[in-house]
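See below for target_4.txt, which holds compact mmCIF, N, CA and C atoms and all ligand atoms.
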```
# COMPACT_ATOMS: atom_id res chain seq x y z
N MET A 1 -37.80 14.97 29.80
CA MET A 1 -37.35 15.75 30.95
C MET A 1 -35.88 15.49 31.25
N PHE A 2 -35.46 14.27 31.01
CA PHE A 2 -34.09 13.92 31.43
C PHE A 2 -33.02 14.77 30.75
N PRO A 3 -33.07 14.97 29.38
CA PRO A 3 -32.02 15.77 28.75
C PRO A 3 -32.00 17.19 29.31
N ARG A 4 -33.17 17.74 29.61
CA ARG A 4 -33.24 19.09 30.15
C ARG A 4 -32.56 19.14 31.53
N PHE A 5 -32.82 18.18 32.32
CA PHE A 5 -32.19 18.11 33.64
C PHE A 5 -30.67 18.06 33.51
N LYS A 6 -30.24 17.29 32.53
CA LYS A 6 -28.80 17.14 32.28
C LYS A 6 -28.17 18.48 31.90
N CYS A 7 -28.93 19.26 31.11
CA CYS A 7 -28.44 20.56 30.68
C CYS A 7 -28.27 21.49 31.88
N VAL A 8 -29.26 21.50 32.77
CA VAL A 8 -29.19 22.34 33.97
C VAL A 8 -27.97 21.94 34.81
N TYR A 9 -27.76 20.65 34.91
CA TYR A 9 -26.63 20.14 35.68
C TYR A 9 -25.31 20.64 35.08
N PHE A 10 -25.26 20.64 33.74
CA PHE A 10 -24.07 21.09 33.03
C PHE A 10 -23.80 22.58 33.30
N VAL A 11 -24.89 23.36 33.27
CA VAL A 11 -24.76 24.81 33.54
C VAL A 11 -24.25 25.03 34.96
N LEU A 12 -24.75 24.22 35.89
CA LEU A 12 -24.30 24.35 37.28
C LEU A 12 -22.80 24.07 37.39
N ILE A 13 -22.32 23.08 36.65
CA ILE A 13 -20.89 22.76 36.68
C ILE A 13 -20.08 23.93 36.15
N ILE A 14 -20.57 24.54 35.06
CA ILE A 14 -19.86 25.68 34.48
C ILE A 14 -19.84 26.85 35.47
N LEU A 15 -20.98 27.10 36.11
CA LEU A 15 -21.04 28.19 37.09
C LEU A 15 -20.06 27.94 38.23
N ARG A 16 -19.99 26.68 38.66
CA ARG A 16 -19.07 26.35 39.75
C ARG A 16 -17.62 26.59 39.32
N CYS A 17 -17.28 26.23 38.08
CA CYS A 17 -15.93 26.47 37.55
C CYS A 17 -15.62 27.97 37.52
N LEU A 18 -16.61 28.77 37.09
CA LEU A 18 -16.42 30.21 37.04
C LEU A 18 -16.18 30.77 38.44
N LEU A 19 -16.92 30.26 39.42
CA LEU A 19 -16.76 30.71 40.80
C LEU A 19 -15.34 30.42 41.28
N PHE A 20 -14.84 29.22 40.99
CA PHE A 20 -13.47 28.88 41.40
C PHE A 20 -12.45 29.78 40.71
N LEU A 21 -12.72 30.08 39.43
CA LEU A 21 -11.81 30.94 38.67
C LEU A 21 -11.76 32.34 39.30
N VAL A 22 -12.92 32.88 39.66
CA VAL A 22 -12.98 34.21 40.27
C VAL A 22 -12.24 34.19 41.61
N LEU A 23 -12.48 33.15 42.40
CA LEU A 23 -11.80 33.05 43.70
C LEU A 23 -10.29 32.96 43.51
N TYR A 24 -9.87 32.19 42.51
CA TYR A 24 -8.45 32.04 42.24
C TYR A 24 -7.83 33.38 41.87
N LEU A 25 -8.53 34.14 41.00
CA LEU A 25 -8.00 35.43 40.57
C LEU A 25 -7.91 36.40 41.74
N LEU A 26 -8.89 36.35 42.64
CA LEU A 26 -8.86 37.23 43.82
C LEU A 26 -7.65 36.90 44.69
N VAL A 27 -7.42 35.61 44.92
CA VAL A 27 -6.29 35.18 45.74
C VAL A 27 -4.97 35.57 45.06
N ALA A 28 -4.90 35.36 43.74
CA ALA A 28 -3.68 35.68 43.00
C ALA A 28 -3.40 37.19 43.07
N ALA A 29 -4.45 38.01 43.00
CA ALA A 29 -4.26 39.46 43.05
C ALA A 29 -3.76 39.88 44.43
N GLU A 30 -4.29 39.22 45.47
CA GLU A 30 -3.88 39.57 46.82
C GLU A 30 -2.45 39.15 47.11
N ALA A 31 -1.94 38.19 46.36
CA ALA A 31 -0.60 37.68 46.61
C ALA A 31 0.45 38.77 46.38
N ASN A 32 0.10 39.82 45.64
CA ASN A 32 1.05 40.89 45.40
C ASN A 32 1.02 41.97 46.47
N THR A 33 0.24 41.74 47.52
CA THR A 33 0.17 42.71 48.61
C THR A 33 0.64 42.04 49.89
N THR A 34 1.53 42.72 50.59
CA THR A 34 2.05 42.19 51.84
C THR A 34 1.71 43.15 52.97
N ASP A 35 1.15 42.63 54.04
CA ASP A 35 0.86 43.46 55.21
C ASP A 35 1.99 43.32 56.21
N LEU A 36 2.53 44.45 56.65
CA LEU A 36 3.62 44.46 57.62
C LEU A 36 3.11 45.13 58.90
N ASN A 37 3.17 44.41 59.99
CA ASN A 37 2.65 44.94 61.25
C ASN A 37 3.71 45.00 62.35
N GLU A 38 4.96 44.78 61.99
CA GLU A 38 6.04 44.83 62.99
C GLU A 38 6.37 46.29 63.30
N MET A 39 7.11 46.50 64.40
CA MET A 39 7.50 47.86 64.78
C MET A 39 8.66 48.37 63.91
N TYR A 40 9.39 47.46 63.32
CA TYR A 40 10.45 47.87 62.40
C TYR A 40 10.80 46.70 61.50
N GLY A 41 11.47 46.96 60.42
CA GLY A 41 11.87 45.88 59.52
C GLY A 41 12.43 46.44 58.23
N TYR A 42 12.61 45.54 57.29
CA TYR A 42 13.15 45.93 55.99
C TYR A 42 12.17 45.54 54.89
N ILE A 43 12.17 46.32 53.83
CA ILE A 43 11.45 45.94 52.62
C ILE A 43 12.50 45.86 51.51
N LEU A 44 12.49 44.74 50.81
CA LEU A 44 13.46 44.53 49.73
C LEU A 44 12.72 44.37 48.41
N SER A 45 13.32 44.87 47.36
CA SER A 45 12.77 44.59 46.03
C SER A 45 12.94 43.10 45.73
N PRO A 46 12.11 42.53 44.86
CA PRO A 46 12.22 41.10 44.57
C PRO A 46 13.61 40.72 44.08
N ASN A 47 14.15 39.64 44.62
CA ASN A 47 15.49 39.10 44.28
C ASN A 47 16.65 39.96 44.77
N PHE A 48 16.37 40.98 45.57
CA PHE A 48 17.45 41.84 46.03
C PHE A 48 18.55 41.00 46.67
N PRO A 49 19.87 41.28 46.44
CA PRO A 49 20.42 42.36 45.61
C PRO A 49 20.67 41.95 44.16
N GLU A 50 20.11 40.84 43.75
CA GLU A 50 20.16 40.51 42.32
C GLU A 50 19.19 41.43 41.60
N GLY A 51 19.23 41.44 40.29
CA GLY A 51 18.34 42.31 39.54
C GLY A 51 16.88 41.95 39.76
N TYR A 52 16.03 42.95 39.80
CA TYR A 52 14.59 42.68 39.96
C TYR A 52 13.98 42.28 38.62
N PRO A 53 12.92 41.48 38.65
CA PRO A 53 12.31 41.03 37.40
C PRO A 53 11.43 42.11 36.76
N SER A 54 11.14 41.91 35.49
CA SER A 54 10.20 42.79 34.79
C SER A 54 8.78 42.49 35.26
N ASP A 55 7.87 43.37 34.96
CA ASP A 55 6.44 43.18 35.24
C ASP A 55 6.14 42.93 36.72
N SER A 56 6.86 43.60 37.58
CA SER A 56 6.56 43.49 39.01
C SER A 56 5.50 44.52 39.39
N ASP A 57 4.66 44.14 40.31
CA ASP A 57 3.68 45.09 40.87
C ASP A 57 3.39 44.62 42.29
N ILE A 58 4.10 45.20 43.23
CA ILE A 58 4.03 44.73 44.61
C ILE A 58 3.71 45.90 45.53
N THR A 59 2.84 45.67 46.46
CA THR A 59 2.50 46.71 47.43
C THR A 59 2.71 46.18 48.84
N TRP A 60 3.36 46.98 49.66
CA TRP A 60 3.52 46.65 51.08
C TRP A 60 2.68 47.64 51.88
N ASN A 61 1.84 47.13 52.74
CA ASN A 61 1.04 47.99 53.61
C ASN A 61 1.62 47.90 55.01
N ILE A 62 2.24 48.98 55.45
CA ILE A 62 2.84 49.01 56.77
C ILE A 62 1.83 49.63 57.73
N SER A 63 1.63 48.99 58.87
CA SER A 63 0.81 49.65 59.88
C SER A 63 1.43 49.42 61.25
N VAL A 64 1.44 50.48 62.04
CA VAL A 64 2.01 50.46 63.39
C VAL A 64 0.90 50.91 64.34
N PRO A 65 1.06 50.70 65.66
CA PRO A 65 -0.02 51.06 66.59
C PRO A 65 -0.39 52.54 66.51
N LEU A 66 -1.63 52.83 66.89
CA LEU A 66 -2.09 54.23 66.95
C LEU A 66 -1.16 55.04 67.84
N GLY A 67 -0.90 56.26 67.47
CA GLY A 67 0.01 57.09 68.26
C GLY A 67 1.44 57.05 67.75
N PHE A 68 1.68 56.14 66.80
CA PHE A 68 3.00 56.07 66.18
C PHE A 68 2.89 56.50 64.73
N ARG A 69 4.01 56.93 64.17
CA ARG A 69 4.08 57.16 62.74
C ARG A 69 5.22 56.30 62.20
N ILE A 70 5.32 56.22 60.89
CA ILE A 70 6.30 55.33 60.26
C ILE A 70 7.41 56.15 59.63
N LYS A 71 8.62 55.74 59.92
CA LYS A 71 9.80 56.40 59.38
C LYS A 71 10.44 55.48 58.35
N LEU A 72 10.67 55.99 57.15
CA LEU A 72 11.30 55.19 56.09
C LEU A 72 12.67 55.78 55.75
N TYR A 73 13.59 54.87 55.50
CA TYR A 73 14.92 55.32 55.10
C TYR A 73 15.48 54.33 54.09
N PHE A 74 15.77 54.80 52.88
CA PHE A 74 16.30 53.90 51.85
C PHE A 74 17.80 53.71 52.05
N MET A 75 18.22 52.45 52.18
CA MET A 75 19.63 52.15 52.37
C MET A 75 20.31 51.86 51.03
N HIS A 76 19.51 51.50 50.05
CA HIS A 76 20.03 51.20 48.72
C HIS A 76 18.92 51.52 47.72
N PHE A 77 19.32 52.12 46.59
CA PHE A 77 18.30 52.44 45.59
C PHE A 77 18.91 52.42 44.20
N ASP A 78 18.44 51.57 43.32
CA ASP A 78 18.98 51.43 41.96
C ASP A 78 17.88 50.89 41.05
N LEU A 79 17.14 51.81 40.45
CA LEU A 79 16.06 51.43 39.55
C LEU A 79 16.36 51.97 38.15
N GLU A 80 15.72 51.38 37.16
CA GLU A 80 15.89 51.86 35.79
C GLU A 80 15.45 53.33 35.71
N PRO A 81 16.33 54.21 35.18
CA PRO A 81 15.93 55.61 35.06
C PRO A 81 14.94 55.80 33.92
N SER A 82 14.00 56.70 34.09
CA SER A 82 13.08 57.02 33.00
C SER A 82 12.48 58.40 33.25
N TYR A 83 12.07 59.03 32.17
CA TYR A 83 11.47 60.35 32.24
C TYR A 83 10.22 60.31 33.14
N LEU A 84 10.22 61.11 34.18
CA LEU A 84 9.10 61.17 35.13
C LEU A 84 8.76 59.81 35.74
N CYS A 85 9.75 58.93 35.77
CA CYS A 85 9.60 57.61 36.40
C CYS A 85 8.45 56.80 35.81
N GLU A 86 8.33 56.85 34.49
CA GLU A 86 7.19 56.12 33.90
C GLU A 86 7.49 54.64 33.67
N TYR A 87 8.76 54.22 33.74
CA TYR A 87 9.07 52.80 33.53
C TYR A 87 8.98 52.02 34.84
N ASP A 88 10.00 52.15 35.65
CA ASP A 88 10.06 51.43 36.93
C ASP A 88 10.06 52.48 38.05
N PHE A 89 9.36 52.20 39.13
CA PHE A 89 9.31 53.22 40.18
C PHE A 89 8.90 52.62 41.52
N VAL A 90 9.18 53.39 42.55
CA VAL A 90 8.65 53.13 43.89
C VAL A 90 7.80 54.33 44.23
N LYS A 91 6.58 54.07 44.67
CA LYS A 91 5.75 55.20 45.07
C LYS A 91 5.14 54.90 46.42
N SER A 92 4.78 55.96 47.10
CA SER A 92 4.18 55.82 48.41
C SER A 92 2.78 56.36 48.36
N GLY A 93 1.88 55.62 48.96
CA GLY A 93 0.49 56.06 49.03
C GLY A 93 0.21 56.91 50.24
N ALA A 94 1.25 57.43 50.87
CA ALA A 94 1.04 58.28 52.04
C ALA A 94 0.39 59.59 51.61
N GLU A 95 -0.01 60.40 52.58
CA GLU A 95 -0.66 61.67 52.26
C GLU A 95 0.26 62.54 51.41
N GLN A 96 1.56 62.41 51.68
CA GLN A 96 2.55 63.14 50.89
C GLN A 96 3.01 62.18 49.80
N PRO A 97 2.49 62.27 48.56
CA PRO A 97 2.82 61.27 47.56
C PRO A 97 4.30 61.36 47.14
N LEU A 98 4.91 60.20 47.07
CA LEU A 98 6.32 60.14 46.70
C LEU A 98 6.46 59.26 45.48
N LEU A 99 7.38 59.62 44.59
CA LEU A 99 7.63 58.82 43.40
C LEU A 99 9.13 58.84 43.16
N PHE A 100 9.73 57.65 43.20
CA PHE A 100 11.18 57.55 43.06
C PHE A 100 11.55 56.61 41.92
N CYS A 101 12.66 56.92 41.24
CA CYS A 101 13.21 56.01 40.24
C CYS A 101 14.64 56.43 39.95
N GLY A 102 15.32 55.63 39.14
CA GLY A 102 16.65 55.99 38.68
C GLY A 102 17.74 55.69 39.67
N LYS A 103 18.92 56.22 39.38
CA LYS A 103 20.10 56.00 40.20
C LYS A 103 20.54 57.30 40.86
N GLU A 104 20.25 58.39 40.22
CA GLU A 104 20.64 59.67 40.78
C GLU A 104 19.60 60.71 40.42
N ARG A 105 19.66 61.80 41.14
CA ARG A 105 18.67 62.85 40.97
C ARG A 105 18.91 63.62 39.67
N THR A 106 17.87 63.75 38.85
CA THR A 106 17.96 64.59 37.65
C THR A 106 16.77 65.54 37.66
N ASP A 107 16.58 66.25 36.55
CA ASP A 107 15.44 67.17 36.48
C ASP A 107 14.11 66.44 36.51
N THR A 108 14.09 65.24 35.95
CA THR A 108 12.81 64.56 35.81
C THR A 108 12.69 63.31 36.67
N GLU A 109 13.77 62.95 37.34
CA GLU A 109 13.73 61.76 38.19
C GLU A 109 14.15 62.14 39.59
N GLN A 110 13.63 61.40 40.52
CA GLN A 110 14.03 61.65 41.89
C GLN A 110 14.37 60.34 42.57
N THR A 111 15.53 60.30 43.21
CA THR A 111 15.88 59.16 44.04
C THR A 111 15.68 59.56 45.49
N PRO A 112 15.45 58.60 46.37
CA PRO A 112 15.21 58.98 47.76
C PRO A 112 16.44 59.58 48.44
N GLY A 113 17.65 59.20 47.94
CA GLY A 113 18.87 59.76 48.52
C GLY A 113 18.95 59.54 50.01
N GLN A 114 19.37 60.55 50.73
CA GLN A 114 19.58 60.41 52.17
C GLN A 114 18.35 60.85 52.98
N GLN A 115 17.28 61.21 52.28
CA GLN A 115 16.16 61.77 53.03
C GLN A 115 15.40 60.72 53.84
N THR A 116 14.85 61.17 54.95
CA THR A 116 14.01 60.33 55.79
C THR A 116 12.56 60.69 55.49
N ILE A 117 11.74 59.67 55.31
CA ILE A 117 10.35 59.89 54.92
C ILE A 117 9.45 59.50 56.09
N TYR A 118 8.49 60.35 56.40
CA TYR A 118 7.57 60.06 57.51
C TYR A 118 6.15 59.92 56.98
N SER A 119 5.41 59.00 57.59
CA SER A 119 3.98 58.90 57.28
C SER A 119 3.24 59.96 58.08
N HIS A 120 2.02 60.25 57.66
CA HIS A 120 1.23 61.21 58.44
C HIS A 120 0.46 60.51 59.54
N GLY A 121 0.02 59.31 59.29
CA GLY A 121 -0.70 58.57 60.32
C GLY A 121 0.07 57.32 60.69
N ASN A 122 -0.63 56.31 61.15
CA ASN A 122 0.03 55.08 61.59
C ASN A 122 0.05 54.01 60.50
N THR A 123 -0.33 54.39 59.28
CA THR A 123 -0.26 53.44 58.17
C THR A 123 0.41 54.11 56.97
N MET A 124 0.99 53.29 56.14
CA MET A 124 1.66 53.80 54.95
C MET A 124 1.78 52.64 53.96
N SER A 125 1.59 52.94 52.70
CA SER A 125 1.78 51.88 51.71
C SER A 125 2.90 52.27 50.76
N LEU A 126 3.59 51.25 50.32
CA LEU A 126 4.71 51.43 49.40
C LEU A 126 4.48 50.49 48.23
N THR A 127 4.58 50.99 47.01
CA THR A 127 4.35 50.16 45.83
C THR A 127 5.57 50.19 44.93
N PHE A 128 5.96 49.03 44.45
CA PHE A 128 7.05 48.93 43.48
C PHE A 128 6.48 48.36 42.19
N GLN A 129 6.76 49.04 41.08
CA GLN A 129 6.34 48.53 39.78
C GLN A 129 7.51 48.57 38.81
N SER A 130 7.62 47.53 38.00
CA SER A 130 8.60 47.55 36.92
C SER A 130 7.88 47.24 35.61
N ASP A 131 8.37 47.80 34.54
CA ASP A 131 7.72 47.58 33.25
C ASP A 131 8.23 46.30 32.60
N PHE A 132 8.02 46.13 31.30
CA PHE A 132 8.27 44.84 30.65
C PHE A 132 9.74 44.58 30.35
N SER A 133 10.63 45.58 30.54
CA SER A 133 12.03 45.34 30.18
C SER A 133 12.96 46.18 31.03
N ASN A 134 14.23 45.79 31.06
CA ASN A 134 15.29 46.58 31.66
C ASN A 134 16.43 46.64 30.66
N GLU A 135 16.97 47.84 30.44
CA GLU A 135 18.05 47.96 29.46
C GLU A 135 19.35 47.38 30.01
N GLU A 136 19.48 47.35 31.33
CA GLU A 136 20.61 46.68 31.96
C GLU A 136 20.09 46.13 33.29
N ARG A 137 20.97 45.53 34.07
CA ARG A 137 20.51 44.97 35.33
C ARG A 137 20.51 46.05 36.40
N PHE A 138 19.40 46.18 37.08
CA PHE A 138 19.29 47.13 38.18
C PHE A 138 19.02 46.35 39.46
N THR A 139 19.70 46.75 40.53
CA THR A 139 19.68 45.91 41.73
C THR A 139 18.47 46.14 42.62
N GLY A 140 17.71 47.21 42.39
CA GLY A 140 16.50 47.40 43.19
C GLY A 140 16.72 48.25 44.42
N PHE A 141 16.02 47.92 45.50
CA PHE A 141 16.11 48.78 46.68
C PHE A 141 15.99 47.98 47.97
N LYS A 142 16.50 48.62 49.02
CA LYS A 142 16.36 48.10 50.37
C LYS A 142 15.96 49.29 51.25
N VAL A 143 14.83 49.19 51.87
CA VAL A 143 14.35 50.31 52.69
C VAL A 143 14.09 49.82 54.12
N HIS A 144 14.51 50.61 55.06
CA HIS A 144 14.27 50.30 56.48
C HIS A 144 13.09 51.10 56.95
N TYR A 145 12.19 50.46 57.71
CA TYR A 145 11.07 51.20 58.28
C TYR A 145 11.02 50.96 59.78
N ALA A 146 10.53 51.94 60.49
CA ALA A 146 10.44 51.82 61.94
C ALA A 146 9.30 52.69 62.46
N ALA A 147 8.64 52.19 63.51
CA ALA A 147 7.60 52.99 64.18
C ALA A 147 8.28 54.02 65.06
N GLU A 148 7.72 55.22 65.10
CA GLU A 148 8.29 56.26 65.92
C GLU A 148 7.15 56.97 66.64
N GLY A 149 7.29 57.19 67.93
CA GLY A 149 6.24 57.87 68.70
C GLY A 149 6.03 59.28 68.20
N GLU A 150 4.75 59.70 68.08
CA GLU A 150 4.47 61.04 67.55
C GLU A 150 4.65 62.10 68.63
CA CA B 1 12.22 48.31 33.57
```
If you convert what's in this file into structure tokens, what do you get?
Amino acid sequence: MFPRFKCVYFVLIILRCLLFLVLYLLVAAEANTTDLNEMYGYILSPNFPEGYPSDSDITWNISVPLGFRIKLYFMHFDLEPSYLCEYDFVKSGAEQPLLFCGKERTDTEQTPGQQTIYSHGNTMSLTFQSDFSNEERFTGFKVHYAAEGE
């Protein structure tokens, strides 16, 4: 009986290790999401204004009190240009989907330029992703957000 008991004990240790691994992965995945609940603030690309790193995947969830909407305004924007923004991009999960990349507006790329972006409700998410390489150094972005009464 003893060796069998030992085996069960061993399996329990392995299961416990797997549980810790799953918990660790969940925490690590959440680390790329930031919740912003202030009435106004800034969102910066990683290392701004130095070049942003490759393989970034960051999401900011902005939420303001009910009855307010969120106003976004990009003060700086410099991402690697690519056809239809398939390399590096900033996108918004708002009802009006936005996809930005590059340094200037072309047929296949869109930069935020001087436009002001509004959320439809009191929440809005912004995601920044970069691919595995940059052909040169790109400084990223700085965006200002603020709650505005509807
Ligand atoms: Ca890139």
Any idea what's packed within 6 Å of Ser125 of chain A, counting all atoms listed in the file, ignoring anything in its chain fewer than 2 positions away? Could you give it as a ChimeraX atom specification?
/A:60-62,91-94,123,127
Atoms to include: N, CA and C atoms. Write the selected residues as an mmCIF file, in the frame of the given file.
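What ended up in selection.cif:
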```
data_model
loop_
_atom_site.group_PDB
_atom_site.id
_atom_site.type_symbol
_atom_site.label_atom_id
_atom_site.label_comp_id
_atom_site.auth_asym_id
_atom_site.auth_seq_id
_atom_site.Cartn_x
_atom_site.Cartn_y
_atom_site.Cartn_z
ATOM 1 N N TRP A 60 3.360 46.980 49.660
ATOM 2 C CA TRP A 60 3.520 46.650 51.080
ATOM 3 C C TRP A 60 2.680 47.640 51.880
ATOM 4 N N ASN A 61 1.840 47.130 52.740
ATOM 5 C CA ASN A 61 1.040 47.990 53.610
ATOM 6 C C ASN A 61 1.620 47.900 55.010
ATOM 7 N N ILE A 62 2.240 48.980 55.450
ATOM 8 C CA ILE A 62 2.840 49.010 56.770
ATOM 9 C C ILE A 62 1.830 49.630 57.730
ATOM 10 N N LYS A 91 6.580 54.070 44.670
ATOM 11 C CA LYS A 91 5.750 55.200 45.070
ATOM 12 C C LYS A 91 5.140 54.900 46.420
ATOM 13 N N SER A 92 4.780 55.960 47.100
ATOM 14 C CA SER A 92 4.180 55.820 48.410
ATOM 15 C C SER A 92 2.780 56.360 48.360
ATOM 16 N N GLY A 93 1.880 55.620 48.960
ATOM 17 C CA GLY A 93 0.490 56.060 49.030
ATOM 18 C C GLY A 93 0.210 56.910 50.240
ATOM 19 N N ALA A 94 1.250 57.430 50.870
ATOM 20 C CA ALA A 94 1.040 58.280 52.040
ATOM 21 C C ALA A 94 0.390 59.590 51.610
ATOM 22 N N THR A 123 -0.330 54.390 59.280
ATOM 23 C CA THR A 123 -0.260 53.440 58.170
ATOM 24 C C THR A 123 0.410 54.110 56.970
ATOM 25 N N THR A 127 4.580 50.990 47.010
ATOM 26 C CA THR A 127 4.350 50.160 45.830
ATOM 27 C C THR A 127 5.570 50.190 44.930
#
```
Selected residue of minimal separation from ligand CA 1 (chain B) among A:Val90, A:Leu79, A:Ile70, A:Ile13, counting all atoms listed in the file
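For ligand CA 1 (chain B), the nearest of the candidates is A:Leu79.
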Step one, run DSSP on the backbone; step two, keep only residues of chain A assigned to strand (DSSP E); then write them as a ChimeraX atom specification.
/A:33-36,40-44,57-63,68-78,89-92,98-100,116-118,123-129,140-149
Computed gap from atom CA of Phe128 of chain A to atom C of Tyr40 of chain A is 18.5 Å
With distances taken over all atoms listed in the file, which residue among A:Leu98, A:Lys71, A:Glu109, A:Tyr24 lies nearest Cys85 of chain A?
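Once distances to Cys85 of chain A are computed over all atoms listed in the file, the minimum belongs to A:Glu109.
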Need to verify the contact set: Glu148 of chain A, 8 Å, only N, CA and C atoms, exclusion of same-chain residues closer than 4 positions in sequence. Can you return it as a PDB file with N, CA and C atoms, keeping the file's coordinate frame?
```pdb
ATOM      1  N   MET A  39       7.110  46.500  64.400  1.00  0.00           N
ATOM      2  CA  MET A  39       7.500  47.860  64.780  1.00  0.00           C
ATOM      3  C   MET A  39       8.660  48.370  63.910  1.00  0.00           C
ATOM      4  N   VAL A  64       1.440  50.480  62.040  1.00  0.00           N
ATOM      5  CA  VAL A  64       2.010  50.460  63.390  1.00  0.00           C
ATOM      6  C   VAL A  64       0.900  50.910  64.340  1.00  0.00           C
ATOM      7  N   GLY A  67      -0.900  56.260  67.470  1.00  0.00           N
ATOM      8  CA  GLY A  67       0.010  57.090  68.260  1.00  0.00           C
ATOM      9  C   GLY A  67       1.440  57.050  67.750  1.00  0.00           C
ATOM     10  N   PHE A  68       1.680  56.140  66.800  1.00  0.00           N
ATOM     11  CA  PHE A  68       3.000  56.070  66.180  1.00  0.00           C
ATOM     12  C   PHE A  68       2.890  56.500  64.730  1.00  0.00           C
ATOM     13  N   ARG A  69       4.010  56.930  64.170  1.00  0.00           N
ATOM     14  CA  ARG A  69       4.080  57.160  62.740  1.00  0.00           C
ATOM     15  C   ARG A  69       5.220  56.300  62.200  1.00  0.00           C
ATOM     16  N   ILE A  70       5.320  56.220  60.890  1.00  0.00           N
ATOM     17  CA  ILE A  70       6.300  55.330  60.260  1.00  0.00           C
ATOM     18  C   ILE A  70       7.410  56.150  59.630  1.00  0.00           C
ATOM     19  N   LYS A  71       8.620  55.740  59.920  1.00  0.00           N
ATOM     20  CA  LYS A  71       9.800  56.400  59.380  1.00  0.00           C
ATOM     21  C   LYS A  71      10.440  55.480  58.350  1.00  0.00           C
TER      22      LYS A  71
END
```
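Of the residues under consideration (A:Lys142, A:Phe48, A:Pro53, A:Asp35), A:Pro53 shows the shortest atom-to-atom contact distance to ligand CA 1 (chain B) when counting all atoms listed in the file.
Shell of segment 135-140 of chain A at 6 Å, with only C-alpha atoms counted and residues fewer than 2 places along the chain excluded, is Ser45, Pro49, Glu50, Gly51, Phe77, Asp78 and Leu79 of chain A.
Take atom C of Ile58 of chain A and atom N of Leu99 of chain A: the distance between them is 14.2 Å.
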As a list in words, please: all residues of segment 8-141 of chain A that backbone DSSP puts in alpha helix (DSSP H).
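So, restricting segment 8-141 of chain A to alpha helix (DSSP H), we get Val8, Tyr9, Phe10, Val11, Leu12, Ile13, Ile14, Leu15, Arg16, Cys17, Leu18, Leu19, Phe20, Leu21, Val22, Leu23, Tyr24, Leu25, Leu26, Val27, Ala28, Ala29 and Glu30 of chain A.
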To one decimal place in Å, what is the distance between atom CA of Phe141 of chain A and atom CA of His76 of chain A?
5.0 Å
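Neighbours of ligand CA 1 (chain B) at a cut-off of 7 Å, computed so that only C-alpha atoms and all ligand atoms are counted, are the residues Ser54, Glu80, Tyr87, Asp88, Ser130, Asp131, Phe132, Ser133 and Asn134 of chain A.
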Next, write the just-selected residues to a file, as a PDB file, in the frame of the given file, keeping N, CA and C atoms as the atom set.
```pdb
ATOM      1  N   SER A  54      11.140  41.910  35.490  1.00  0.00           N
ATOM      2  CA  SER A  54      10.200  42.790  34.790  1.00  0.00           C
ATOM      3  C   SER A  54       8.780  42.490  35.260  1.00  0.00           C
ATOM      4  N   GLU A  80      15.720  51.380  37.160  1.00  0.00           N
ATOM      5  CA  GLU A  80      15.890  51.860  35.790  1.00  0.00           C
ATOM      6  C   GLU A  80      15.450  53.330  35.710  1.00  0.00           C
ATOM      7  N   TYR A  87       8.760  54.220  33.740  1.00  0.00           N
ATOM      8  CA  TYR A  87       9.070  52.800  33.530  1.00  0.00           C
ATOM      9  C   TYR A  87       8.980  52.020  34.840  1.00  0.00           C
ATOM     10  N   ASP A  88      10.000  52.150  35.650  1.00  0.00           N
ATOM     11  CA  ASP A  88      10.060  51.430  36.930  1.00  0.00           C
ATOM     12  C   ASP A  88      10.060  52.480  38.050  1.00  0.00           C
ATOM     13  N   SER A 130       7.620  47.530  38.000  1.00  0.00           N
ATOM     14  CA  SER A 130       8.600  47.550  36.920  1.00  0.00           C
ATOM     15  C   SER A 130       7.880  47.240  35.610  1.00  0.00           C
ATOM     16  N   ASP A 131       8.370  47.800  34.540  1.00  0.00           N
ATOM     17  CA  ASP A 131       7.720  47.580  33.250  1.00  0.00           C
ATOM     18  C   ASP A 131       8.230  46.300  32.600  1.00  0.00           C
ATOM     19  N   PHE A 132       8.020  46.130  31.300  1.00  0.00           N
ATOM     20  CA  PHE A 132       8.270  44.840  30.650  1.00  0.00           C
ATOM     21  C   PHE A 132       9.740  44.580  30.350  1.00  0.00           C
ATOM     22  N   SER A 133      10.630  45.580  30.540  1.00  0.00           N
ATOM     23  CA  SER A 133      12.030  45.340  30.180  1.00  0.00           C
ATOM     24  C   SER A 133      12.960  46.180  31.030  1.00  0.00           C
ATOM     25  N   ASN A 134      14.230  45.790  31.060  1.00  0.00           N
ATOM     26  CA  ASN A 134      15.290  46.580  31.660  1.00  0.00           C
ATOM     27  C   ASN A 134      16.430  46.640  30.660  1.00  0.00           C
TER      28      ASN A 134
END
```
Taking into account only C-alpha atoms, which residue in the set A:Gln129, A:Ala146, A:Phe74, A:Pro97 is nearest to Pro46 of chain A?
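The shortest atom-to-atom distance to Pro46 of chain A comes from A:Gln129.
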Which residue is closest to Glu38 of chain A? Choose from A:Ser119, A:Asp55, A:Val22, A:Pro65 and count all atoms listed in the file.
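Smallest distance to Glu38 of chain A is found for A:Pro65.
Nearest to Leu72 of chain A of all the residues A:Asn47, A:Thr108, A:Gln115, A:Thr33 is A:Gln115, based on only C-alpha atoms.
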Kindly write segment 62-74 of chain A with C-alpha atoms to a file, as a PDB file, in the first residue's frame.
```pdb
ATOM      1  CA  ILE A  62     -10.820  53.822 -19.362  1.00  0.00           C
ATOM      2  CA  SER A  63     -14.019  54.244 -17.409  1.00  0.00           C
ATOM      3  CA  VAL A  64     -15.649  57.441 -16.176  1.00  0.00           C
ATOM      4  CA  PRO A  65     -18.870  57.913 -14.142  1.00  0.00           C
ATOM      5  CA  LEU A  66     -22.239  57.243 -15.768  1.00  0.00           C
ATOM      6  CA  GLY A  67     -23.495  60.277 -17.645  1.00  0.00           C
ATOM      7  CA  PHE A  68     -20.026  61.120 -18.918  1.00  0.00           C
ATOM      8  CA  ARG A  69     -18.290  60.149 -22.117  1.00  0.00           C
ATOM      9  CA  ILE A  70     -14.569  59.976 -22.835  1.00  0.00           C
ATOM     10  CA  LYS A  71     -12.749  62.389 -25.078  1.00  0.00           C
ATOM     11  CA  LEU A  72      -9.404  61.321 -26.574  1.00  0.00           C
ATOM     12  CA  TYR A  73      -6.865  63.551 -28.204  1.00  0.00           C
ATOM     13  CA  PHE A  74      -3.484  62.363 -29.486  1.00  0.00           C
TER      14      PHE A  74
END
```
